[in-house]
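Q: Got protein_16.csv for you, CSV, C-alpha atoms:
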```csv
chain,number,residue,atom,x,y,z
A,1,MET,CA,27.5,-42.8,-18.3
A,2,LYS,CA,27.0,-39.1,-17.7
A,3,LEU,CA,23.3,-39.7,-17.1
A,4,ILE,CA,24.0,-42.3,-14.5
A,5,GLY,CA,26.3,-39.9,-12.7
A,6,GLU,CA,23.7,-37.2,-12.8
A,7,ILE,CA,21.0,-39.5,-11.4
A,8,LEU,CA,23.3,-40.6,-8.6
A,9,ILE,CA,24.1,-37.0,-7.7
A,10,PHE,CA,20.4,-36.1,-7.6
A,11,MET,CA,19.6,-39.1,-5.6
A,12,ALA,CA,22.2,-38.2,-3.0
A,13,LEU,CA,20.9,-34.6,-3.0
A,14,GLY,CA,17.3,-35.9,-2.6
A,15,LEU,CA,18.4,-38.1,0.3
A,16,ILE,CA,20.0,-35.1,2.0
A,17,LEU,CA,16.9,-33.0,1.5
A,18,PHE,CA,14.6,-35.8,2.6
A,19,ASN,CA,16.6,-36.2,5.8
A,20,GLY,CA,16.4,-32.5,6.4
A,21,ILE,CA,12.6,-32.5,6.3
A,22,ASP,CA,11.2,-33.4,9.6
A,23,ALA,CA,7.4,-33.8,9.5
A,24,THR,CA,7.0,-33.4,13.2
A,25,LEU,CA,8.7,-29.9,13.2
A,26,ILE,CA,6.3,-27.2,14.3
A,27,PRO,CA,7.1,-23.5,13.6
A,28,PRO,CA,8.3,-21.6,16.7
A,29,SER,CA,5.6,-19.6,18.3
A,30,ILE,CA,7.9,-17.1,20.1
A,31,LEU,CA,7.4,-14.4,17.6
A,32,LYS,CA,3.7,-14.8,17.4
A,33,ASP,CA,3.3,-14.7,21.1
A,34,HIS,CA,5.5,-11.7,21.3
A,35,PHE,CA,3.4,-9.8,18.7
A,36,ILE,CA,0.1,-10.7,20.4
A,37,THR,CA,1.2,-9.9,24.0
A,38,GLN,CA,3.6,-7.0,23.4
A,39,GLY,CA,2.4,-5.5,20.1
A,40,VAL,CA,0.0,-2.9,21.6
A,41,ARG,CA,2.5,-1.8,24.2
A,42,GLU,CA,5.5,-1.5,21.8
A,43,THR,CA,3.8,0.2,18.8
A,44,GLY,CA,0.8,1.9,20.4
A,45,ALA,CA,-1.6,0.7,17.6
A,46,VAL,CA,-4.6,-1.3,18.7
A,47,ASN,CA,-5.0,-2.8,15.2
A,48,LEU,CA,-2.4,-5.6,15.3
A,49,VAL,CA,-2.2,-6.0,11.5
A,50,SER,CA,-1.4,-2.3,11.2
A,51,SER,CA,1.2,-2.5,13.9
A,52,ILE,CA,2.9,-5.4,12.1
A,53,TYR,CA,3.0,-4.1,8.6
A,54,LEU,CA,3.9,-0.6,9.5
A,55,SER,CA,6.1,-1.0,12.5
A,56,TYR,CA,7.7,-4.5,12.8
A,57,ARG,CA,7.8,-5.0,9.0
A,58,ALA,CA,7.9,-1.5,7.7
A,59,PHE,CA,10.7,-2.4,5.3
A,60,ASP,CA,8.4,-4.8,3.6
A,61,THR,CA,5.9,-2.0,3.1
A,62,LEU,CA,8.6,0.2,1.6
A,63,GLY,CA,9.2,-2.6,-0.9
A,64,GLU,CA,5.5,-2.7,-1.7
A,65,THR,CA,5.4,1.0,-2.4
A,66,ILE,CA,8.4,0.6,-4.7
A,67,VAL,CA,6.6,-2.1,-6.6
A,68,LEU,CA,3.5,0.2,-7.0
A,69,LEU,CA,5.7,3.1,-8.1
A,70,LEU,CA,7.4,0.9,-10.7
A,71,ALA,CA,4.1,-0.4,-12.0
A,72,VAL,CA,2.7,3.1,-12.4
A,73,SER,CA,5.8,4.4,-14.1
A,74,GLY,CA,5.8,1.4,-16.4
A,75,ILE,CA,2.2,1.9,-17.5
A,76,ILE,CA,2.8,5.6,-18.0
A,77,MET,CA,5.9,4.8,-20.1
A,78,ILE,CA,3.9,2.3,-22.3
A,79,PHE,CA,0.8,4.4,-22.8
A,80,GLU,CA,2.0,8.0,-22.9
A,81,VAL,CA,5.0,7.8,-25.3
A,82,ARG,CA,3.0,6.7,-28.3
A,83,LYS,CA,1.4,10.1,-29.0
B,1,MET,CA,-23.5,7.1,-26.1
B,2,LYS,CA,-26.2,9.3,-24.6
B,3,GLU,CA,-25.6,10.7,-21.2
B,4,SER,CA,-27.9,9.8,-18.5
B,5,GLU,CA,-29.0,12.4,-16.0
B,6,ILE,CA,-29.5,9.9,-13.2
B,7,VAL,CA,-26.0,8.4,-13.6
B,8,ILE,CA,-24.4,11.9,-13.6
B,9,MET,CA,-26.4,13.1,-10.6
B,10,ILE,CA,-25.9,10.0,-8.5
B,11,SER,CA,-22.2,9.8,-9.2
B,12,ARG,CA,-21.6,13.4,-8.5
B,13,LYS,CA,-23.4,13.2,-5.1
B,14,LEU,CA,-21.8,9.9,-4.3
B,15,ALA,CA,-18.1,10.6,-5.1
B,16,PRO,CA,-17.4,13.0,-2.1
B,17,TYR,CA,-18.7,10.5,0.3
B,18,ILE,CA,-16.5,7.8,-1.2
B,19,LEU,CA,-13.5,10.1,-0.8
B,20,LEU,CA,-14.5,10.8,2.8
B,21,PHE,CA,-14.9,7.1,3.5
B,22,GLY,CA,-11.4,6.5,2.1
B,23,LEU,CA,-10.0,9.2,4.3
B,24,TYR,CA,-11.8,7.6,7.3
B,25,LEU,CA,-10.2,4.2,6.5
B,26,ILE,CA,-6.8,5.8,6.3
B,27,SER,CA,-7.0,7.9,9.4
B,28,PHE,CA,-8.4,5.1,11.6
B,29,GLY,CA,-6.1,2.5,10.1
B,30,HIS,CA,-4.3,1.9,13.4
B,31,LEU,CA,-7.5,1.4,15.4
B,32,SER,CA,-9.9,-0.5,13.2
B,33,PRO,CA,-9.7,-2.7,10.1
B,34,GLY,CA,-8.4,-0.7,7.2
B,35,GLY,CA,-5.2,1.2,6.5
B,36,GLY,CA,-3.2,2.9,3.9
B,37,PHE,CA,-3.6,0.4,1.0
B,38,GLN,CA,-7.3,-0.2,1.4
B,39,GLY,CA,-8.1,3.5,2.0
B,40,GLY,CA,-6.0,4.5,-1.0
B,41,VAL,CA,-7.9,2.1,-3.2
B,42,VAL,CA,-11.2,3.5,-2.0
B,43,LEU,CA,-10.0,7.1,-2.7
B,44,ALA,CA,-9.0,6.0,-6.2
B,45,SER,CA,-12.4,4.4,-6.7
B,46,GLY,CA,-14.1,7.7,-5.9
B,47,VAL,CA,-12.2,9.4,-8.7
B,48,ILE,CA,-12.7,6.5,-11.1
B,49,LEU,CA,-16.4,6.7,-10.6
B,50,LEU,CA,-16.2,10.3,-11.8
B,51,TYR,CA,-14.0,9.2,-14.7
B,52,LEU,CA,-16.6,6.6,-15.8
B,53,SER,CA,-19.6,8.9,-15.4
B,54,ARG,CA,-18.4,12.3,-16.3
B,55,GLY,CA,-15.5,11.5,-18.7
B,56,ILE,CA,-11.8,11.9,-18.5
B,57,ALA,CA,-11.5,15.5,-19.7
B,58,CYS,CA,-14.1,16.9,-17.3
B,59,THR,CA,-12.6,15.1,-14.2
B,60,GLN,CA,-9.0,16.0,-15.1
B,61,ARG,CA,-9.7,19.7,-14.6
B,62,THR,CA,-9.6,18.9,-10.9
B,63,PHE,CA,-7.4,15.8,-10.7
B,64,THR,CA,-4.8,16.6,-13.3
B,65,GLU,CA,-2.3,14.0,-14.2
B,66,LYS,CA,0.5,16.4,-13.2
B,67,LYS,CA,-0.9,16.6,-9.6
B,68,LEU,CA,-1.4,12.8,-9.4
B,69,GLY,CA,2.1,12.1,-10.6
B,70,LEU,CA,3.6,14.6,-8.2
B,71,ALA,CA,1.6,13.1,-5.3
B,72,GLU,CA,2.8,9.6,-6.3
B,73,ALA,CA,6.5,10.7,-6.4
B,74,TRP,CA,6.5,13.0,-3.4
B,75,MET,CA,4.7,10.5,-1.2
B,76,PHE,CA,7.4,7.9,-1.9
B,77,PHE,CA,10.0,10.6,-1.0
B,78,PHE,CA,8.2,11.3,2.3
B,79,PHE,CA,8.1,7.6,3.1
B,80,LEU,CA,11.9,7.5,2.7
B,81,LEU,CA,12.2,10.7,4.8
B,82,MET,CA,10.2,9.0,7.6
B,83,GLY,CA,12.6,6.1,7.5
B,84,VAL,CA,15.7,8.3,7.6
B,85,SER,CA,14.3,10.5,10.3
B,86,GLY,CA,14.0,7.4,12.4
B,87,LEU,CA,17.6,6.9,11.8
B,88,ILE,CA,18.4,10.5,12.7
B,89,ALA,CA,16.4,10.3,15.9
B,90,GLY,CA,18.8,7.6,17.2
B,91,LYS,CA,16.8,4.4,16.3
B,92,TYR,CA,17.0,2.1,13.3
B,93,PHE,CA,15.7,2.7,9.8
B,94,LEU,CA,11.9,3.2,9.8
B,95,GLY,CA,12.0,3.2,13.6
B,96,ASN,CA,9.1,4.7,15.5
B,97,PHE,CA,10.5,8.1,16.5
B,98,LEU,CA,7.3,9.8,17.6
B,99,PRO,CA,5.7,9.4,21.0
B,100,LEU,CA,3.4,6.5,21.2
B,101,GLY,CA,0.6,8.1,23.1
B,102,LYS,CA,-2.4,6.4,24.7
B,103,ALA,CA,-3.4,3.2,22.9
B,104,GLY,CA,-6.9,3.5,21.4
B,105,LYS,CA,-7.0,7.2,20.7
B,106,VAL,CA,-6.7,8.6,17.2
B,107,PRO,CA,-3.3,10.3,17.7
B,108,SER,CA,-1.6,7.2,18.9
B,109,GLY,CA,0.9,4.8,17.5
B,110,GLY,CA,3.6,7.3,16.7
B,111,PHE,CA,4.3,7.5,13.0
B,112,ILE,CA,1.9,4.7,12.0
B,113,PHE,CA,-0.8,7.3,11.4
B,114,PHE,CA,1.5,9.3,9.2
B,115,LEU,CA,2.8,6.3,7.3
B,116,ASN,CA,-0.9,5.3,6.7
B,117,LEU,CA,-1.6,8.8,5.4
B,118,ILE,CA,1.5,8.7,3.1
B,119,ILE,CA,0.7,5.2,1.7
B,120,GLY,CA,-3.0,6.0,1.3
B,121,LEU,CA,-2.4,9.1,-0.8
B,122,LYS,CA,0.3,7.3,-2.8
B,123,VAL,CA,-1.8,4.3,-3.6
B,124,GLY,CA,-4.8,6.5,-4.4
B,125,ALA,CA,-2.8,8.7,-6.8
B,126,GLY,CA,-1.1,5.7,-8.4
B,127,ILE,CA,-4.3,3.7,-9.1
B,128,THR,CA,-6.0,6.8,-10.4
B,129,LEU,CA,-3.1,7.5,-12.7
B,130,VAL,CA,-3.1,3.9,-14.0
B,131,CYS,CA,-6.8,3.9,-14.7
B,132,SER,CA,-6.7,7.3,-16.4
B,133,CYS,CA,-3.9,6.1,-18.7
B,134,LEU,CA,-5.8,3.0,-19.6
B,135,PHE,CA,-9.1,4.8,-20.1
B,136,LYS,CA,-7.6,7.3,-22.4
B,137,THR,CA,-6.0,4.5,-24.5
B,138,ALA,CA,-9.3,2.6,-24.7
B,139,LYS,CA,-11.0,5.7,-26.0
B,140,GLY,CA,-8.7,5.7,-29.0
```
How does this structure look as C-alpha cells?

A:
Amino acid sequence: MKLIGEILIFMALGLILFNGIDATLIPPSILKDHFITQGVRETGAVNLVSSIYLSYRAFDTLGETIVLLLAVSGIIMIFEVRK
Amino acid sequence: MKESEIVIMISRKLAPYILLFGLYLISFGHLSPGGGFQGGVVLASGVILLYLSRGIACTQRTFTEKKLGLAEAWMFFFFLLMGVSGLIAGKYFLGNFLPLGKAGKVPSGGFIFFLNLIIGLKVGAGITLVCSCLFKTAKG
C-alpha cells in the first residue's frame, strides 16, 4: 500500500518534471554576445578567457584558490604530522 | 642510484628558463593564451625538475618549505585584499578599481595583471609544496 503511494507520488513528480523540460529550448545568447562584443572595452584585457575568469567571474576564481589552499593544507597535515 | 652528470647539467641549465617561461605566461596572461593557473604550474614544474634531478635537500636550500608556505598563505591574503580594495574604491567586491589602460599593451586590464601574478605565485608555491611533501614521504 505504501509502495503504491510512493510510486504514484514519483510518477506525478516525473510528469511535472517531464512537462518542464522543453526540448526546443535554446540557451539565451544575450550574455555570450555581451562578453564577445563588450568584453575588451569593459575589462581592458584582449584575452577574453582571462577577462571572464578574472573580471566577470572573479568570485569563482576566489573559490578555486580556496580549494587549492585547502588541498595543500590537507596534504601538509597528513604527511608532516607523522614525524 | 648513481648520479648522472648529464641529467644534473641539463636540468640545472634548463630550470631557470622554465621559471622564466612561467613568468612570461603569467605576465602576458591578459593578452595571449596562458594566465595565472597555467603559469603557476609551469613555475612549479621548474622547481620539481630540480627536486627530481638534484634531490630534495639540495633544492630546499633555496626554495625552503617555510618560504613556500608563506607565499601560499600571503598570496591568498593579497587576493582577498584586492577584492576588498575594490569594495573600498566604490565598486563591488573584486571590482576592477585600477585604470583599464589601452587594450593590447602589457600594463592594461586594470587589476587582471595583478590577480594573474598573485594566482600564479600561489599555484606555483602550492604545487611545489605538495610535491615536496609527497617526495619526502616516498623516500621513507

Q: One decimal, Å: what's the distance from CA of Thr59 in chain B over to CA of Ala71 in chain B, could you say?

A: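 CA of Ala71 in chain B lies 16.9 Å from CA of Thr59 in chain B.
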
Q: Nearest to chain B among A:Leu31, A:Leu17, A:Ala71, A:Ala45, with distances taken over all atoms listed in the file: which residue is it?

A: A:Ala45

Q: Hey, can you check how far CA of Met75 in chain B sits from CA of Ser108 in chain B?

A: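 These two atoms are separated by 21.3 Å.
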
Q: As an exercise, work out the distance from CA of Ser4 in chain B to CA of Leu68 in chain B in Å and give it to one decimal place.

A: 28.2 Å

Q: Leaving out His30 in chain B and any residue of its chain fewer than 5 positions from it, which residues lie within 10 Å of it when counting only C-alpha atoms, given as a list of chain:residue names?

A: A:Thr43, A:Gly44, A:Ala45, A:Val46, A:Asn47, A:Leu48, A:Val49, A:Ser50, A:Ser51, A:Leu54, B:Leu25, B:Gly35, B:Gly36, B:Ala103, B:Gly104, B:Lys105, B:Val106, B:Pro107, B:Ser108, B:Gly109, B:Ile112, B:Phe113, B:Asn116

Q: Counting only C-alpha atoms, which residues of chain B fall within 10 Å of chain A, and what is the closest atom pair for each with its distance in Å at one decimal, ordered by chain and rising number, as a tab-separated table?

A:
```
residue	atom	partner	partner_atom	distance
B:Phe28	CA	A:Asn47	CA	9.3
B:Gly29	CA	A:Ser50	CA	6.8
B:His30	CA	A:Asn47	CA	5.1
B:Leu31	CA	A:Asn47	CA	4.9
B:Ser32	CA	A:Asn47	CA	5.8
B:Pro33	CA	A:Asn47	CA	6.9
B:Gly34	CA	A:Ser50	CA	8.2
B:Gly35	CA	A:Ser50	CA	7.0
B:Gly36	CA	A:Ser50	CA	9.1
B:Phe37	CA	A:Thr65	CA	9.6
B:Gly69	CA	A:Val72	CA	9.2
B:Glu72	CA	A:Leu69	CA	7.3
B:Ala73	CA	A:Leu69	CA	7.8
B:Met75	CA	A:Thr65	CA	9.6
B:Phe76	CA	A:Thr65	CA	7.2
B:Phe79	CA	A:Leu62	CA	7.6
B:Leu80	CA	A:Leu62	CA	8.1
B:Gly83	CA	A:Ala58	CA	8.9
B:Phe93	CA	A:Phe59	CA	8.4
B:Leu94	CA	A:Ala58	CA	6.5
B:Gly95	CA	A:Ser55	CA	7.3
B:Asn96	CA	A:Ser55	CA	7.1
B:Pro99	CA	A:Gly44	CA	9.0
B:Leu100	CA	A:Gly44	CA	5.3
B:Gly101	CA	A:Gly44	CA	6.8
B:Lys102	CA	A:Gly44	CA	7.0
B:Ala103	CA	A:Gly44	CA	5.1
B:Gly104	CA	A:Val46	CA	6.0
B:Lys105	CA	A:Ala45	CA	9.0
B:Val106	CA	A:Ala45	CA	9.4
B:Pro107	CA	A:Gly44	CA	9.7
B:Ser108	CA	A:Gly44	CA	6.0
B:Gly109	CA	A:Gly44	CA	4.1
B:Gly110	CA	A:Gly44	CA	7.1
B:Phe111	CA	A:Ser55	CA	8.7
B:Ile112	CA	A:Leu54	CA	6.2
B:Phe113	CA	A:Ala45	CA	9.1
B:Leu115	CA	A:Leu54	CA	7.3
B:Asn116	CA	A:Leu54	CA	8.1
B:Ile119	CA	A:Thr65	CA	7.5
B:Lys122	CA	A:Thr65	CA	8.1
B:Val123	CA	A:Leu68	CA	7.5
B:Ala125	CA	A:Val72	CA	9.6
B:Gly126	CA	A:Val72	CA	6.1
B:Ile127	CA	A:Val72	CA	7.8
B:Thr128	CA	A:Val72	CA	9.7
B:Leu129	CA	A:Val72	CA	7.3
B:Val130	CA	A:Val72	CA	6.1
B:Cys131	CA	A:Ile75	CA	9.6
B:Ser132	CA	A:Ile76	CA	9.8
B:Cys133	CA	A:Phe79	CA	6.5
B:Leu134	CA	A:Phe79	CA	7.5
B:Lys136	CA	A:Phe79	CA	8.9
B:Thr137	CA	A:Phe79	CA	7.0
```

Q: Write the residues of the selection above to a file with C-alpha atoms, as a PDB file, in the frame of the given file.

A:
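Saved file out28.pdb follows:
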```
ATOM      1  CA  PHE B  28      -8.400   5.100  11.600  1.00  0.00           C
ATOM      2  CA  GLY B  29      -6.100   2.500  10.100  1.00  0.00           C
ATOM      3  CA  HIS B  30      -4.300   1.900  13.400  1.00  0.00           C
ATOM      4  CA  LEU B  31      -7.500   1.400  15.400  1.00  0.00           C
ATOM      5  CA  SER B  32      -9.900  -0.500  13.200  1.00  0.00           C
ATOM      6  CA  PRO B  33      -9.700  -2.700  10.100  1.00  0.00           C
ATOM      7  CA  GLY B  34      -8.400  -0.700   7.200  1.00  0.00           C
ATOM      8  CA  GLY B  35      -5.200   1.200   6.500  1.00  0.00           C
ATOM      9  CA  GLY B  36      -3.200   2.900   3.900  1.00  0.00           C
ATOM     10  CA  PHE B  37      -3.600   0.400   1.000  1.00  0.00           C
ATOM     11  CA  GLY B  69       2.100  12.100 -10.600  1.00  0.00           C
ATOM     12  CA  GLU B  72       2.800   9.600  -6.300  1.00  0.00           C
ATOM     13  CA  ALA B  73       6.500  10.700  -6.400  1.00  0.00           C
ATOM     14  CA  MET B  75       4.700  10.500  -1.200  1.00  0.00           C
ATOM     15  CA  PHE B  76       7.400   7.900  -1.900  1.00  0.00           C
ATOM     16  CA  PHE B  79       8.100   7.600   3.100  1.00  0.00           C
ATOM     17  CA  LEU B  80      11.900   7.500   2.700  1.00  0.00           C
ATOM     18  CA  GLY B  83      12.600   6.100   7.500  1.00  0.00           C
ATOM     19  CA  PHE B  93      15.700   2.700   9.800  1.00  0.00           C
ATOM     20  CA  LEU B  94      11.900   3.200   9.800  1.00  0.00           C
ATOM     21  CA  GLY B  95      12.000   3.200  13.600  1.00  0.00           C
ATOM     22  CA  ASN B  96       9.100   4.700  15.500  1.00  0.00           C
ATOM     23  CA  PRO B  99       5.700   9.400  21.000  1.00  0.00           C
ATOM     24  CA  LEU B 100       3.400   6.500  21.200  1.00  0.00           C
ATOM     25  CA  GLY B 101       0.600   8.100  23.100  1.00  0.00           C
ATOM     26  CA  LYS B 102      -2.400   6.400  24.700  1.00  0.00           C
ATOM     27  CA  ALA B 103      -3.400   3.200  22.900  1.00  0.00           C
ATOM     28  CA  GLY B 104      -6.900   3.500  21.400  1.00  0.00           C
ATOM     29  CA  LYS B 105      -7.000   7.200  20.700  1.00  0.00           C
ATOM     30  CA  VAL B 106      -6.700   8.600  17.200  1.00  0.00           C
ATOM     31  CA  PRO B 107      -3.300  10.300  17.700  1.00  0.00           C
ATOM     32  CA  SER B 108      -1.600   7.200  18.900  1.00  0.00           C
ATOM     33  CA  GLY B 109       0.900   4.800  17.500  1.00  0.00           C
ATOM     34  CA  GLY B 110       3.600   7.300  16.700  1.00  0.00           C
ATOM     35  CA  PHE B 111       4.300   7.500  13.000  1.00  0.00           C
ATOM     36  CA  ILE B 112       1.900   4.700  12.000  1.00  0.00           C
ATOM     37  CA  PHE B 113      -0.800   7.300  11.400  1.00  0.00           C
ATOM     38  CA  LEU B 115       2.800   6.300   7.300  1.00  0.00           C
ATOM     39  CA  ASN B 116      -0.900   5.300   6.700  1.00  0.00           C
ATOM     40  CA  ILE B 119       0.700   5.200   1.700  1.00  0.00           C
ATOM     41  CA  LYS B 122       0.300   7.300  -2.800  1.00  0.00           C
ATOM     42  CA  VAL B 123      -1.800   4.300  -3.600  1.00  0.00           C
ATOM     43  CA  ALA B 125      -2.800   8.700  -6.800  1.00  0.00           C
ATOM     44  CA  GLY B 126      -1.100   5.700  -8.400  1.00  0.00           C
ATOM     45  CA  ILE B 127      -4.300   3.700  -9.100  1.00  0.00           C
ATOM     46  CA  THR B 128      -6.000   6.800 -10.400  1.00  0.00           C
ATOM     47  CA  LEU B 129      -3.100   7.500 -12.700  1.00  0.00           C
ATOM     48  CA  VAL B 130      -3.100   3.900 -14.000  1.00  0.00           C
ATOM     49  CA  CYS B 131      -6.800   3.900 -14.700  1.00  0.00           C
ATOM     50  CA  SER B 132      -6.700   7.300 -16.400  1.00  0.00           C
ATOM     51  CA  CYS B 133      -3.900   6.100 -18.700  1.00  0.00           C
ATOM     52  CA  LEU B 134      -5.800   3.000 -19.600  1.00  0.00           C
ATOM     53  CA  LYS B 136      -7.600   7.300 -22.400  1.00  0.00           C
ATOM     54  CA  THR B 137      -6.000   4.500 -24.500  1.00  0.00           C
TER      55      THR B 137
END
```

Q: Which residues are near Phe21 in chain B? Cut-off 8 Å, all atoms listed in the file, ignore same chain within fewer than 4 positions. Put them as a PyMOL selection string.

A: chain B and resi 17+25+39+42-43

Q: Next, dump the selected residues to file, keeping only C-alpha atoms, as a PDB file, in the frame of the given file.

A:
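Below is the file result-v5.pdb, written as the result:
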```
ATOM      1  CA  TYR B  17     -18.700  10.500   0.300  1.00  0.00           C
ATOM      2  CA  LEU B  25     -10.200   4.200   6.500  1.00  0.00           C
ATOM      3  CA  GLY B  39      -8.100   3.500   2.000  1.00  0.00           C
ATOM      4  CA  VAL B  42     -11.200   3.500  -2.000  1.00  0.00           C
ATOM      5  CA  LEU B  43     -10.000   7.100  -2.700  1.00  0.00           C
TER       6      LEU B  43
END
```

Q: Excluding same-chain residues fewer than 4 positions from Ser53 in chain B, what lies within 9 Å of it counting only C-alpha atoms, as an MDAnalysis selection string?

A: chainID B and resid 3:4 7:8 11:12 48:49

Q: For Gly22 in chain B, which residue out of B:Met82, B:Ala44, B:Met9, B:Ala138 is the nearest one, using only C-alpha atoms?

A: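 Answer, going by the shortest atom-to-atom distance: B:Ala44.
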